[in-house]
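**Student:** Handing over work.txt, compact mmCIF, C-alpha atoms and all ligand atoms.
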# COMPACT_ATOMS: atom_id res chain seq x y z
CA MET M 1 -22.18 5.13 23.26
CA THR M 2 -19.49 7.60 22.17
CA VAL M 3 -16.14 6.28 23.34
CA LYS M 4 -14.05 8.97 25.04
CA LEU M 5 -10.35 8.48 24.43
CA ALA M 6 -7.04 9.69 25.82
CA ILE M 7 -4.09 9.49 23.45
CA ILE M 8 -0.69 9.13 25.07
CA GLY M 9 2.12 10.27 22.83
CA ALA M 10 1.85 13.20 20.44
CA GLY M 11 4.42 12.00 17.91
CA ILE M 12 3.82 10.58 14.43
CA MET M 13 1.52 7.75 15.48
CA GLY M 14 -0.25 9.70 18.23
CA SER M 15 -1.10 12.34 15.62
CA ASP M 16 -2.20 9.73 13.10
CA HIS M 17 -4.49 8.01 15.62
CA ALA M 18 -5.92 11.37 16.72
CA ALA M 19 -6.79 12.20 13.11
CA ILE M 20 -8.35 8.77 12.46
CA PHE M 21 -10.55 8.92 15.56
CA ALA M 22 -11.48 12.56 15.04
CA ASN M 23 -12.21 12.41 11.30
CA GLU M 24 -13.10 8.84 10.43
CA LEU M 25 -14.72 7.16 13.42
CA ALA M 26 -17.87 8.96 14.48
CA GLU M 27 -18.46 6.83 17.57
CA SER M 28 -15.28 8.07 19.23
CA LYS M 29 -14.11 11.36 20.66
CA VAL M 30 -10.55 12.19 21.71
CA VAL M 31 -10.90 14.18 24.94
CA LEU M 32 -7.27 14.37 26.01
CA ILE M 33 -3.78 14.39 24.53
CA CYS M 34 -0.94 13.46 26.82
CA ASP M 35 2.76 13.84 26.14
CA THR M 36 5.62 14.23 28.57
CA ASP M 37 6.51 17.18 26.33
CA LEU M 38 3.49 19.39 27.06
CA ALA M 39 4.18 21.73 24.14
CA LYS M 40 3.89 18.78 21.76
CA ALA M 41 0.63 17.68 23.37
CA ARG M 42 -0.76 21.21 23.04
CA ALA M 43 0.26 21.51 19.40
CA LEU M 44 -1.49 18.26 18.48
CA ALA M 45 -4.57 19.09 20.54
CA GLU M 46 -4.89 22.46 18.84
CA ASN M 47 -4.49 20.88 15.43
CA CYS M 48 -7.32 18.41 16.06
CA GLY M 49 -9.63 20.69 18.07
CA ILE M 50 -9.09 18.75 21.30
CA GLN M 51 -9.56 20.74 24.52
CA ASP M 52 -7.43 19.04 27.12
CA THR M 53 -3.75 18.21 27.47
CA THR M 54 -1.49 16.85 30.18
CA ASP M 55 2.06 15.65 30.62
CA ASP M 56 1.12 12.99 33.19
CA PRO M 57 0.23 9.62 31.61
CA GLU M 58 -0.89 7.98 34.85
CA GLN M 59 -3.35 10.81 35.55
CA ALA M 60 -4.58 10.79 31.97
CA ILE M 61 -5.40 7.08 32.18
CA ALA M 62 -7.16 7.48 35.54
CA ARG M 63 -9.43 10.37 34.52
CA ASN M 64 -13.14 9.71 34.93
CA ASP M 65 -14.03 11.14 31.55
CA VAL M 66 -11.65 8.74 29.77
CA ASP M 67 -13.24 5.42 28.73
CA ALA M 68 -10.27 3.99 26.86
CA VAL M 69 -6.66 4.75 26.05
CA VAL M 70 -4.41 4.78 22.99
CA ILE M 71 -0.70 4.39 23.69
CA ALA M 72 1.60 5.82 21.05
CA SER M 73 4.56 6.86 23.19
CA PRO M 74 8.13 5.51 22.82
CA ASP M 75 8.47 1.71 22.84
CA PHE M 76 10.08 1.46 26.29
CA THR M 77 7.03 3.11 27.96
CA HIS M 78 4.35 0.82 26.47
CA ALA M 79 4.36 -1.90 29.13
CA GLU M 80 4.29 0.56 32.04
CA TYR M 81 1.34 2.50 30.59
CA CYS M 82 -0.51 -0.74 29.78
CA MET M 83 -0.11 -1.68 33.45
CA HIS M 84 -1.75 1.61 34.46
CA CYS M 85 -4.63 0.84 32.08
CA LEU M 86 -5.01 -2.60 33.66
CA ASP M 87 -5.03 -1.04 37.15
CA GLN M 88 -7.87 1.21 36.00
CA GLN M 89 -9.55 -1.63 34.03
CA LYS M 90 -9.66 0.47 30.86
CA PRO M 91 -9.36 -0.95 27.35
CA VAL M 92 -6.16 0.09 25.62
CA LEU M 93 -4.97 0.13 22.03
CA CYS M 94 -1.19 -0.06 22.42
CA GLU M 95 1.15 0.61 19.52
CA LYS M 96 3.60 -2.19 18.79
CA PRO M 97 5.77 -3.51 20.36
CA LEU M 98 4.03 -4.31 23.65
CA SER M 99 7.57 -4.06 24.98
CA PRO M 100 11.00 -4.72 23.52
CA SER M 101 11.46 -7.09 26.50
CA SER M 102 9.68 -10.45 26.52
CA SER M 103 9.67 -10.59 30.31
CA GLU M 104 7.91 -7.21 30.46
CA CYS M 105 5.36 -8.55 27.95
CA LEU M 106 4.75 -11.48 30.27
CA SER M 107 4.24 -9.16 33.24
CA VAL M 108 1.52 -7.32 31.29
CA LEU M 109 -0.02 -10.62 30.15
CA ASN M 110 -0.05 -11.98 33.72
CA ALA M 111 -1.51 -8.76 35.13
CA GLU M 112 -4.23 -8.86 32.46
CA MET M 113 -5.03 -12.50 33.18
CA LYS M 114 -5.52 -11.68 36.86
CA THR M 115 -8.36 -9.32 35.93
CA GLY M 116 -10.23 -12.19 34.27
CA ARG M 117 -10.66 -10.56 30.85
CA GLN M 118 -8.73 -8.96 28.00
CA TRP M 119 -8.06 -5.22 27.95
CA VAL M 120 -5.00 -4.81 25.73
CA GLN M 121 -5.36 -4.69 21.94
CA LEU M 122 -1.94 -4.52 20.33
CA GLY M 123 -1.41 -2.34 17.27
CA PHE M 124 -0.14 -4.90 14.79
CA MET M 125 -2.26 -3.19 12.14
CA ARG M 126 -1.07 -5.32 9.23
CA ARG M 127 -3.57 -7.97 10.34
CA TYR M 128 -6.20 -5.53 9.01
CA ASP M 129 -4.44 -4.92 5.69
CA GLN M 130 -6.41 -6.34 2.76
CA SER M 131 -3.32 -7.79 1.06
CA TYR M 132 -2.41 -9.92 4.07
CA ILE M 133 -6.08 -10.87 4.55
CA GLU M 134 -6.12 -12.17 0.96
CA MET M 135 -2.77 -13.89 1.44
CA GLN M 136 -4.12 -15.81 4.41
CA ALA M 137 -7.38 -16.58 2.61
CA ALA M 138 -5.44 -18.10 -0.33
CA LEU M 139 -3.66 -20.36 2.12
CA LYS M 140 -6.73 -21.35 4.11
CA SER M 141 -8.80 -22.12 1.02
CA GLY M 142 -6.09 -24.50 -0.25
CA THR M 143 -5.55 -22.41 -3.41
CA ILE M 144 -1.74 -22.39 -3.12
CA GLY M 145 -1.31 -25.74 -1.39
CA GLU M 146 0.61 -26.16 1.84
CA ALA M 147 2.69 -23.17 2.90
CA LEU M 148 6.43 -23.63 2.41
CA MET M 149 8.00 -20.18 2.69
CA MET M 150 7.07 -16.60 3.44
CA HIS M 151 9.32 -13.80 2.22
CA ASN M 152 9.09 -10.33 3.72
CA PHE M 153 10.75 -7.06 2.76
CA HIS M 154 10.35 -3.97 4.95
CA ARG M 155 12.08 -0.80 3.83
CA ASN M 156 11.97 2.68 5.33
CA VAL M 157 13.36 5.79 3.68
CA GLU M 158 15.58 6.55 6.66
CA THR M 159 15.81 6.01 10.38
CA PRO M 160 14.30 8.72 12.60
CA SER M 161 16.84 11.47 13.34
CA THR M 162 17.10 10.54 17.04
CA GLY M 163 16.77 7.49 19.21
CA PHE M 164 16.89 4.70 16.64
CA THR M 165 19.50 2.10 17.58
CA GLU M 166 21.00 -0.78 15.52
CA ALA M 167 18.98 -3.29 17.56
CA MET M 168 15.72 -1.50 16.75
CA ALA M 169 15.80 -2.87 13.20
CA ILE M 170 14.93 -6.14 14.95
CA THR M 171 13.10 -4.92 18.06
CA ASN M 172 11.06 -2.06 16.53
CA SER M 173 10.66 -2.72 12.78
CA ALA M 174 10.76 -6.52 12.43
CA PRO M 175 8.03 -7.22 15.04
CA HIS M 176 5.54 -6.38 12.26
CA GLU M 177 6.90 -9.31 10.25
CA PHE M 178 7.27 -11.61 13.26
CA ASP M 179 3.61 -11.03 14.01
CA ILE M 180 2.16 -11.15 10.52
CA ALA M 181 4.07 -14.34 9.62
CA ARG M 182 2.85 -16.10 12.79
CA HIS M 183 -0.65 -14.81 12.08
CA VAL M 184 -0.80 -15.79 8.38
CA LEU M 185 0.87 -19.17 8.89
CA GLU M 186 -0.86 -19.84 12.23
CA THR M 187 2.28 -21.26 13.77
CA ASP M 188 5.22 -20.28 15.95
CA PHE M 189 8.91 -19.83 15.26
CA THR M 190 11.53 -22.28 16.46
CA THR M 191 14.84 -20.74 15.35
CA ILE M 192 16.30 -17.56 13.90
CA THR M 193 19.52 -16.60 12.15
CA ALA M 194 20.41 -13.02 11.25
CA PHE M 195 22.91 -11.33 8.96
CA GLN M 196 23.78 -7.70 8.42
CA ALA M 197 25.26 -5.99 5.40
CA GLU M 198 27.84 -3.28 5.81
CA ARG M 199 27.45 0.37 4.85
CA SER M 200 30.33 2.74 4.54
CA ASP M 201 28.27 5.86 5.37
CA GLY M 202 27.63 4.95 9.03
CA ASN M 203 23.86 4.54 8.59
CA ILE M 204 22.15 1.45 9.99
CA ALA M 205 22.63 -1.28 7.41
CA PRO M 206 20.04 -3.82 6.22
CA VAL M 207 19.43 -6.96 8.27
CA ILE M 208 18.24 -10.26 6.86
CA MET M 209 16.71 -12.88 9.12
CA VAL M 210 15.76 -16.46 8.39
CA LEU M 211 13.32 -18.13 10.75
CA GLU M 212 12.11 -21.72 10.94
CA THR M 213 8.59 -22.48 12.10
CA ALA M 214 7.13 -25.31 14.13
CA ASN M 215 5.64 -26.60 10.85
CA ASN M 216 9.07 -26.66 9.14
CA GLN M 217 8.40 -23.60 6.98
CA LEU M 218 10.95 -20.89 6.30
CA VAL M 219 10.30 -17.20 6.86
CA THR M 220 12.74 -14.63 5.51
CA ILE M 221 12.69 -10.99 6.61
CA GLU M 222 14.68 -8.12 5.18
CA ILE M 223 14.66 -4.94 7.24
CA ASN M 224 16.24 -1.96 5.54
CA ASN M 225 15.72 1.15 7.63
CA ASN M 226 17.69 3.39 5.25
CA ALA M 227 16.46 2.35 1.82
CA ALA M 228 16.42 6.02 0.69
CA TYR M 229 13.99 5.64 -2.23
CA GLY M 230 10.65 5.25 -0.44
CA TYR M 231 8.54 3.23 2.00
CA ASP M 232 8.31 -0.22 0.50
CA VAL M 233 6.85 -3.38 1.99
CA ARG M 234 6.75 -6.51 -0.14
CA GLY M 235 5.95 -10.08 0.62
CA GLU M 236 5.23 -13.43 -0.90
CA LEU M 237 3.80 -16.60 0.55
CA VAL M 238 5.02 -19.61 -1.41
CA GLY M 239 2.88 -22.72 -1.27
CA ALA M 240 3.39 -26.18 -2.76
CA SER M 241 1.19 -25.41 -5.76
CA GLY M 242 1.22 -21.62 -6.09
CA SER M 243 2.15 -18.40 -4.40
CA VAL M 244 0.52 -15.16 -3.37
CA SER M 245 2.32 -11.84 -3.22
CA LEU M 246 1.30 -8.57 -1.66
CA SER M 247 0.52 -5.69 -3.93
CA ALA M 248 0.43 -2.28 -2.34
CA PRO M 249 -2.57 -0.15 -3.29
CA GLN M 250 -1.64 2.03 -6.21
CA TYR M 251 -4.15 4.32 -7.85
CA SER M 252 -2.21 5.71 -10.79
CA GLN M 253 0.96 5.51 -12.83
CA LEU M 254 2.54 8.39 -14.67
CA ASN M 255 3.67 7.88 -18.26
CA ILE M 256 6.14 10.55 -19.39
CA ASP M 257 9.45 10.84 -21.22
CA HIS M 258 9.41 7.19 -22.36
CA GLN M 259 9.03 6.06 -18.77
CA GLN M 260 6.28 4.57 -16.62
CA LEU M 261 6.47 5.94 -13.09
CA SER M 262 4.79 4.91 -9.89
CA ARG M 263 5.32 6.66 -6.60
CA TYR M 264 6.48 5.51 -3.17
CA ALA M 265 5.19 7.19 -0.02
CA SER M 266 7.79 8.51 2.37
CA ASP M 267 6.50 6.49 5.32
CA TRP M 268 4.05 3.77 6.27
CA ARG M 269 0.94 5.84 6.95
CA PRO M 270 -0.48 6.01 3.40
CA ARG M 271 0.35 2.35 2.74
CA TYR M 272 -1.53 1.21 5.83
CA ALA M 273 -4.18 3.95 6.09
CA SER M 274 -7.13 1.61 5.73
CA ALA M 275 -5.55 -1.03 7.99
CA TYR M 276 -5.15 1.58 10.74
CA ARG M 277 -8.74 2.74 10.25
CA GLU M 278 -10.12 -0.81 10.44
CA GLN M 279 -7.94 -1.65 13.42
CA ASN M 280 -9.12 1.47 15.26
CA ARG M 281 -12.74 0.77 14.32
CA ALA M 282 -12.33 -2.70 15.85
CA PHE M 283 -10.94 -1.07 18.99
CA ILE M 284 -13.99 1.16 19.38
CA GLU M 285 -16.24 -1.89 19.01
CA PHE M 286 -14.09 -3.69 21.58
CA VAL M 287 -14.59 -0.83 24.06
CA GLN M 288 -18.32 -0.77 23.39
CA THR M 289 -18.95 -4.52 23.57
CA GLY M 290 -16.11 -5.86 25.71
CA LYS M 291 -15.57 -8.56 23.06
CA PHE M 292 -11.92 -8.80 21.99
CA PRO M 293 -11.64 -8.29 18.20
CA GLU M 294 -11.16 -11.54 16.29
CA LEU M 295 -8.31 -10.29 14.08
CA ALA M 296 -6.41 -8.23 16.60
CA ALA M 297 -3.14 -9.09 18.32
CA ASP M 298 -3.11 -9.41 22.10
CA CYS M 299 -0.54 -9.59 24.91
CA TRP M 300 0.41 -13.15 24.02
CA ASP M 301 1.16 -12.07 20.43
CA GLY M 302 3.21 -9.20 21.86
CA TYR M 303 5.23 -11.69 23.90
CA CYS M 304 5.77 -13.94 20.84
CA ALA M 305 7.05 -11.01 18.78
CA ALA M 306 9.34 -9.84 21.59
CA ILE M 307 10.86 -13.26 22.15
CA ALA M 308 11.58 -13.61 18.42
CA ALA M 309 13.17 -10.14 18.47
CA GLU M 310 15.36 -10.97 21.45
CA ALA M 311 16.53 -14.17 19.75
CA GLY M 312 17.14 -12.18 16.55
CA VAL M 313 19.35 -9.66 18.34
CA GLU M 314 21.27 -12.56 19.90
CA ALA M 315 21.58 -14.36 16.54
CA LEU M 316 23.04 -11.25 14.94
CA ARG M 317 25.44 -10.66 17.83
CA THR M 318 26.72 -14.23 17.91
CA CYS M 319 26.50 -14.99 14.16
CA SER M 320 24.67 -18.20 15.02
CA LYS M 321 21.30 -19.90 14.78
CA VAL M 322 19.38 -19.21 18.00
CA ASN M 323 16.46 -21.24 19.32
CA ILE M 324 13.25 -19.34 19.99
CA THR M 325 12.01 -20.93 23.16
CA MET M 326 8.65 -19.77 24.39
CA ILE M 327 6.68 -20.59 27.52
CA ASP M 328 3.40 -22.45 27.00
CA ASN M 329 0.56 -20.07 26.27
CA PRO M 330 -1.01 -19.56 29.72
CA LYS M 331 -4.25 -18.51 28.01
CA SER M 332 -4.75 -22.04 26.70
CA GLU M 333 -4.27 -23.72 30.10
C1 LIG H 401 7.81 1.94 12.30
O1 LIG H 401 8.54 1.83 13.44
C2 LIG H 401 6.43 1.49 12.53
O2 LIG H 401 6.03 1.28 13.62
C3 LIG H 401 5.56 1.31 11.37
O3 LIG H 401 4.38 0.69 11.71
C4 LIG H 401 6.27 0.53 10.30
O4 LIG H 401 5.48 0.35 9.18
C5 LIG H 401 7.56 1.22 9.98
O5 LIG H 401 8.17 0.68 8.88
C6 LIG H 401 8.44 1.16 11.20
O6 LIG H 401 9.70 1.65 10.92
What's the structure tokens form of this structure?
Ligand code: ISE

**Tutor:**
Amino acid sequence: MTVKLAIIGAGIMGSDHAAIFANELAESKVVLICDTDLAKARALAENCGIQDTTDDPEQAIARNDVDAVVIASPDFTHAEYCMHCLDQQKPVLCEKPLSPSSSECLSVLNAEMKTGRQWVQLGFMRRYDQSYIEMQAALKSGTIGEALMMHNFHRNVETPSTGFTEAMAITNSAPHEFDIARHVLETDFTTITAFQAERSDGNIAPVIMVLETANNQLVTIEINNNAAYGYDVRGELVGASGSVSLSAPQYSQLNIDHQQLSRYASDWRPRYASAYREQNRAFIEFVQTGKFPELAADCWDGYCAAIAAEAGVEALRTCSKVNITMIDNPKSE
């Protein structure tokens, strides 16, 4: 069965998803691009040879010729559009975060649970990145001993020109690390502290967070949204008898003028190209079979990331260690 998709949001990620489904995943077809800015929807549709466009997300989700939905609109719209997908009982691949608000995440989770099955796959694509897969495998096989610490560095060239607030370092960027650390370590966070450097140029300054886990491990996260030099994600999992660090795929190095040079991409898409492809492939299989993908994040994971983010914002505001207190996972009751 060819899965017919609507993509909501014609920005960077909407365009990226459209290209992946159109060019790399033969069992899918994007039939509709939706953006509240119709001109943007039209431009993307034209670029990818897609016929239909609309500026009405609710109608897009409800259309009979749409089997499943990809949400890549601004963060604050994700929960609402997921709710429409649940109303229509259509599988949805929703970009992270599920919502910046943990209570909104819970509303989506509860609405999903009422339907009796899972519909929402959350786009924490790093779970499909080979370097994190190998990191987790080294831990699970006992190769590095028990996990003690996980260090994470997440650097963007610069913040988007509009709409990126101070808090979004924690609510938009760091959720990747909140999720991947929980996923690799298979545990939850208990506390968070956060610190911010100062910049004299008015740009959003780097934030460093330290989290404790339920298994007494430490997780450090640096978010630097204005690193200037390139897109750079690093990480290391330190065990009792060894460590494993991420190495970004790199296909060549240039040797000139007595220097060895390697390049940084200007954003995350090249670094995570294969992770996005594998994530999206898993989504198509999910739509076809109804079986939720083993590796993927779900609404509960979205809630866990949001509650860590809320505590992080509070920790930074109050310069104090904040407890991360979660409800019991209703899925395991
Ligand atoms: C951005 O907001 C994302 O969503 C990307 O997935 C991430 O890799 C990037 O660094 C974030 O700023």

**Student:** For ligand LIG 401 (chain H), return the neighbouring residues as a PyMOL selection string (distance at most 8 Å; all atoms listed in the file).

**Tutor:** chain M and resi 95-96+124-125+154-156+159+169+172-173+176+225+231+267-269+272

**Student:** Given all atoms listed in the file as the basis, pick out the residue of M:Ser102, M:Gln260, M:Gln279, M:Ser241 nearest to Gly302 in chain M.

**Tutor:**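 Smallest distance to Gly302 in chain M is found for M:Ser102.
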
**Student:** Can you pull out the residues contacting range 311-319 of chain M? Cut-off 7 Å, using all atoms listed in the file, and skip same-chain residues under 3 positions away; I want them as a PyMOL selection string.

**Tutor:** chain M and resi 167+170+192-195+307-308+322+324

**Student:** Between CA of Leu25 in chain M and CA of Asp56 in chain M, what is the spacing in Å?

**Tutor:**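 CA of Asp56 in chain M sits 26.0 Å away from CA of Leu25 in chain M.
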
**Student:** Counting only C-alpha atoms, which residue out of M:Asp201, M:Lys291, M:Cys299, M:Val233 sits closest to Pro270 in chain M?

**Tutor:**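 Using only C-alpha atoms, the shortest distance to Pro270 in chain M belongs to M:Val233.
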
**Student:** Have a look at CA of Ala62 in chain M and CA of Phe21 in chain M and let me know their distance in Å, one decimal.

**Tutor:**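 CA of Phe21 in chain M lies 20.3 Å from CA of Ala62 in chain M.
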
**Student:** Would you work out the distance separating CA of Ser107 in chain M from CA of Ala72 in chain M, expressed in Å to one decimal?

**Tutor:**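 Pair CA of Ser107 in chain M / CA of Ala72 in chain M returns 19.5 Å.
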
**Student:** Looking at all atoms listed in the file, which of M:Asn323, M:Thr289, M:Ser243, M:Thr2 is the one that sits closest to Gln136 in chain M?

**Tutor:**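 Closest residue, counting all atoms listed in the file: M:Ser243.
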
**Student:** List the residues sitting within 9 Å of (-6.3, 6.5, 34.5) in the file's frame, using all atoms listed in the file, as an mmCIF file with C-alpha atoms, in the coordinates of the input.

**Tutor:**
data_model
loop_
_atom_site.group_PDB
_atom_site.id
_atom_site.type_symbol
_atom_site.label_atom_id
_atom_site.label_comp_id
_atom_site.auth_asym_id
_atom_site.auth_seq_id
_atom_site.Cartn_x
_atom_site.Cartn_y
_atom_site.Cartn_z
ATOM 1 C CA PRO M 57 0.230 9.620 31.610
ATOM 2 C CA GLU M 58 -0.890 7.980 34.850
ATOM 3 C CA GLN M 59 -3.350 10.810 35.550
ATOM 4 C CA ALA M 60 -4.580 10.790 31.970
ATOM 5 C CA ILE M 61 -5.400 7.080 32.180
ATOM 6 C CA ALA M 62 -7.160 7.480 35.540
ATOM 7 C CA ARG M 63 -9.430 10.370 34.520
ATOM 8 C CA ASN M 64 -13.140 9.710 34.930
ATOM 9 C CA VAL M 66 -11.650 8.740 29.770
ATOM 10 C CA ALA M 68 -10.270 3.990 26.860
ATOM 11 C CA VAL M 69 -6.660 4.750 26.050
ATOM 12 C CA HIS M 84 -1.750 1.610 34.460
ATOM 13 C CA CYS M 85 -4.630 0.840 32.080
ATOM 14 C CA ASP M 87 -5.030 -1.040 37.150
ATOM 15 C CA GLN M 88 -7.870 1.210 36.000
ATOM 16 C CA GLN M 89 -9.550 -1.630 34.030
ATOM 17 C CA LYS M 90 -9.660 0.470 30.860
#

**Student:** Select all residues near (22.9, -2.7, 10.3) (cut-off 6 Å, inclusive, file coordinates), counting only C-alpha atoms, and output them as an NGL selection string.

**Tutor:** :M and (166 or 196 or 204-207)

**Student:** I'd like to know which of M:Ala41, M:Ala111, M:Cys105, M:Ile256 is closest to Leu86 in chain M, using only C-alpha atoms.

**Tutor:**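 Once distances to Leu86 in chain M are computed over only C-alpha atoms, the minimum belongs to M:Ala111.
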
**Student:** Extract, using all atoms listed in the file, all DNA, RNA and protein residues at most 12 Å from Tyr132 in chain M, discarding same-chain residues fewer than 2 positions from it, and format them as a compact mmCIF listing (two decimals) with C-alpha atoms, keeping the file's coordinate frame.

**Tutor:**
# COMPACT_ATOMS: atom_id res chain seq x y z
CA MET M 125 -2.26 -3.19 12.14
CA ARG M 126 -1.07 -5.32 9.23
CA ARG M 127 -3.57 -7.97 10.34
CA TYR M 128 -6.20 -5.53 9.01
CA ASP M 129 -4.44 -4.92 5.69
CA GLN M 130 -6.41 -6.34 2.76
CA GLU M 134 -6.12 -12.17 0.96
CA MET M 135 -2.77 -13.89 1.44
CA GLN M 136 -4.12 -15.81 4.41
CA ALA M 137 -7.38 -16.58 2.61
CA ALA M 138 -5.44 -18.10 -0.33
CA LEU M 139 -3.66 -20.36 2.12
CA MET M 150 7.07 -16.60 3.44
CA ASN M 152 9.09 -10.33 3.72
CA HIS M 176 5.54 -6.38 12.26
CA GLU M 177 6.90 -9.31 10.25
CA ASP M 179 3.61 -11.03 14.01
CA ILE M 180 2.16 -11.15 10.52
CA ALA M 181 4.07 -14.34 9.62
CA ARG M 182 2.85 -16.10 12.79
CA HIS M 183 -0.65 -14.81 12.08
CA VAL M 184 -0.80 -15.79 8.38
CA LEU M 185 0.87 -19.17 8.89
CA VAL M 233 6.85 -3.38 1.99
CA ARG M 234 6.75 -6.51 -0.14
CA GLY M 235 5.95 -10.08 0.62
CA GLU M 236 5.23 -13.43 -0.90
CA LEU M 237 3.80 -16.60 0.55
CA VAL M 244 0.52 -15.16 -3.37
CA SER M 245 2.32 -11.84 -3.22
CA LEU M 246 1.30 -8.57 -1.66
CA SER M 247 0.52 -5.69 -3.93
CA ALA M 248 0.43 -2.28 -2.34
CA TYR M 272 -1.53 1.21 5.83
CA ALA M 275 -5.55 -1.03 7.99
CA LEU M 295 -8.31 -10.29 14.08

**Student:** Which residue out of M:Ile71, M:Gly145, M:Ile8, M:Glu24 has the minimum interatomic distance to Lys40 in chain M when all atoms listed in the file are used?

**Tutor:**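 Ranked by minimum distance to Lys40 in chain M, first place goes to M:Ile8.
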
**Student:** With distances taken over only C-alpha atoms, which residue among M:Cys48, M:Val219, M:Leu98, M:Leu254 lies nearest Tyr81 in chain M?

**Tutor:**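 The closest residue to Tyr81 in chain M is M:Leu98.
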
**Student:** If we count all atoms listed in the file and set the cut-off at 9 Å, which residues sit around Leu44 in chain M, ignoring sequence neighbours fewer than 2 positions away in its own chain? Please answer as a list in words.

**Tutor:** Ala10, Gly11, Gly14, Ser15, Ala18, Ile33, Ala39, Lys40, Ala41, Arg42, Glu46, Asn47, Cys48, Gly49 and Ile50 of chain M

**Student:** Where atoms are missing, can you supply N, CA, C and O atoms for range 224-236 of chain M and output the lot as a CSV table (one decimal), keeping the file's coordinate frame?

**Tutor:**
chain,number,residue,atom,x,y,z
M,224,ASN,N,15.3,-3.0,6.0
M,224,ASN,CA,16.2,-2.0,5.5
M,224,ASN,C,15.7,-0.6,6.0
M,224,ASN,O,14.8,0.0,5.3
M,225,ASN,N,16.2,-0.1,7.1
M,225,ASN,CA,15.7,1.2,7.6
M,225,ASN,C,16.2,2.4,6.9
M,225,ASN,O,15.8,3.5,7.2
M,226,ASN,N,17.1,2.2,6.0
M,226,ASN,CA,17.7,3.4,5.2
M,226,ASN,C,17.7,3.1,3.8
M,226,ASN,O,18.7,3.2,3.1
M,227,ALA,N,16.5,2.7,3.2
M,227,ALA,CA,16.5,2.4,1.8
M,227,ALA,C,16.5,3.6,0.9
M,227,ALA,O,16.6,3.4,-0.3
M,228,ALA,N,16.3,4.7,1.4
M,228,ALA,CA,16.4,6.0,0.7
M,228,ALA,C,15.3,6.3,-0.3
M,228,ALA,O,14.8,7.4,-0.4
M,229,TYR,N,14.9,5.3,-1.1
M,229,TYR,CA,14.0,5.6,-2.2
M,229,TYR,C,12.5,5.8,-1.9
M,229,TYR,O,11.7,6.3,-2.7
M,230,GLY,N,12.1,5.2,-0.7
M,230,GLY,CA,10.6,5.2,-0.4
M,230,GLY,C,10.3,4.2,0.6
M,230,GLY,O,11.1,3.3,0.9
M,231,TYR,N,9.0,4.3,1.1
M,231,TYR,CA,8.5,3.2,2.0
M,231,TYR,C,8.0,2.1,1.2
M,231,TYR,O,7.2,2.2,0.3
M,232,ASP,N,8.6,0.9,1.4
M,232,ASP,CA,8.3,-0.2,0.5
M,232,ASP,C,8.2,-1.5,1.3
M,232,ASP,O,9.2,-1.9,1.9
M,233,VAL,N,7.0,-2.1,1.3
M,233,VAL,CA,6.8,-3.4,2.0
M,233,VAL,C,6.4,-4.4,0.9
M,233,VAL,O,5.4,-4.1,0.2
M,234,ARG,N,7.1,-5.5,0.8
M,234,ARG,CA,6.8,-6.5,-0.1
M,234,ARG,C,6.7,-7.8,0.6
M,234,ARG,O,7.2,-8.0,1.7
M,235,GLY,N,6.0,-8.8,0.0
M,235,GLY,CA,6.0,-10.1,0.6
M,235,GLY,C,5.4,-11.1,-0.3
M,235,GLY,O,4.6,-10.8,-1.2
M,236,GLU,N,5.8,-12.3,-0.1
M,236,GLU,CA,5.2,-13.4,-0.9
M,236,GLU,C,5.1,-14.7,0.0
M,236,GLU,O,6.1,-15.0,0.7
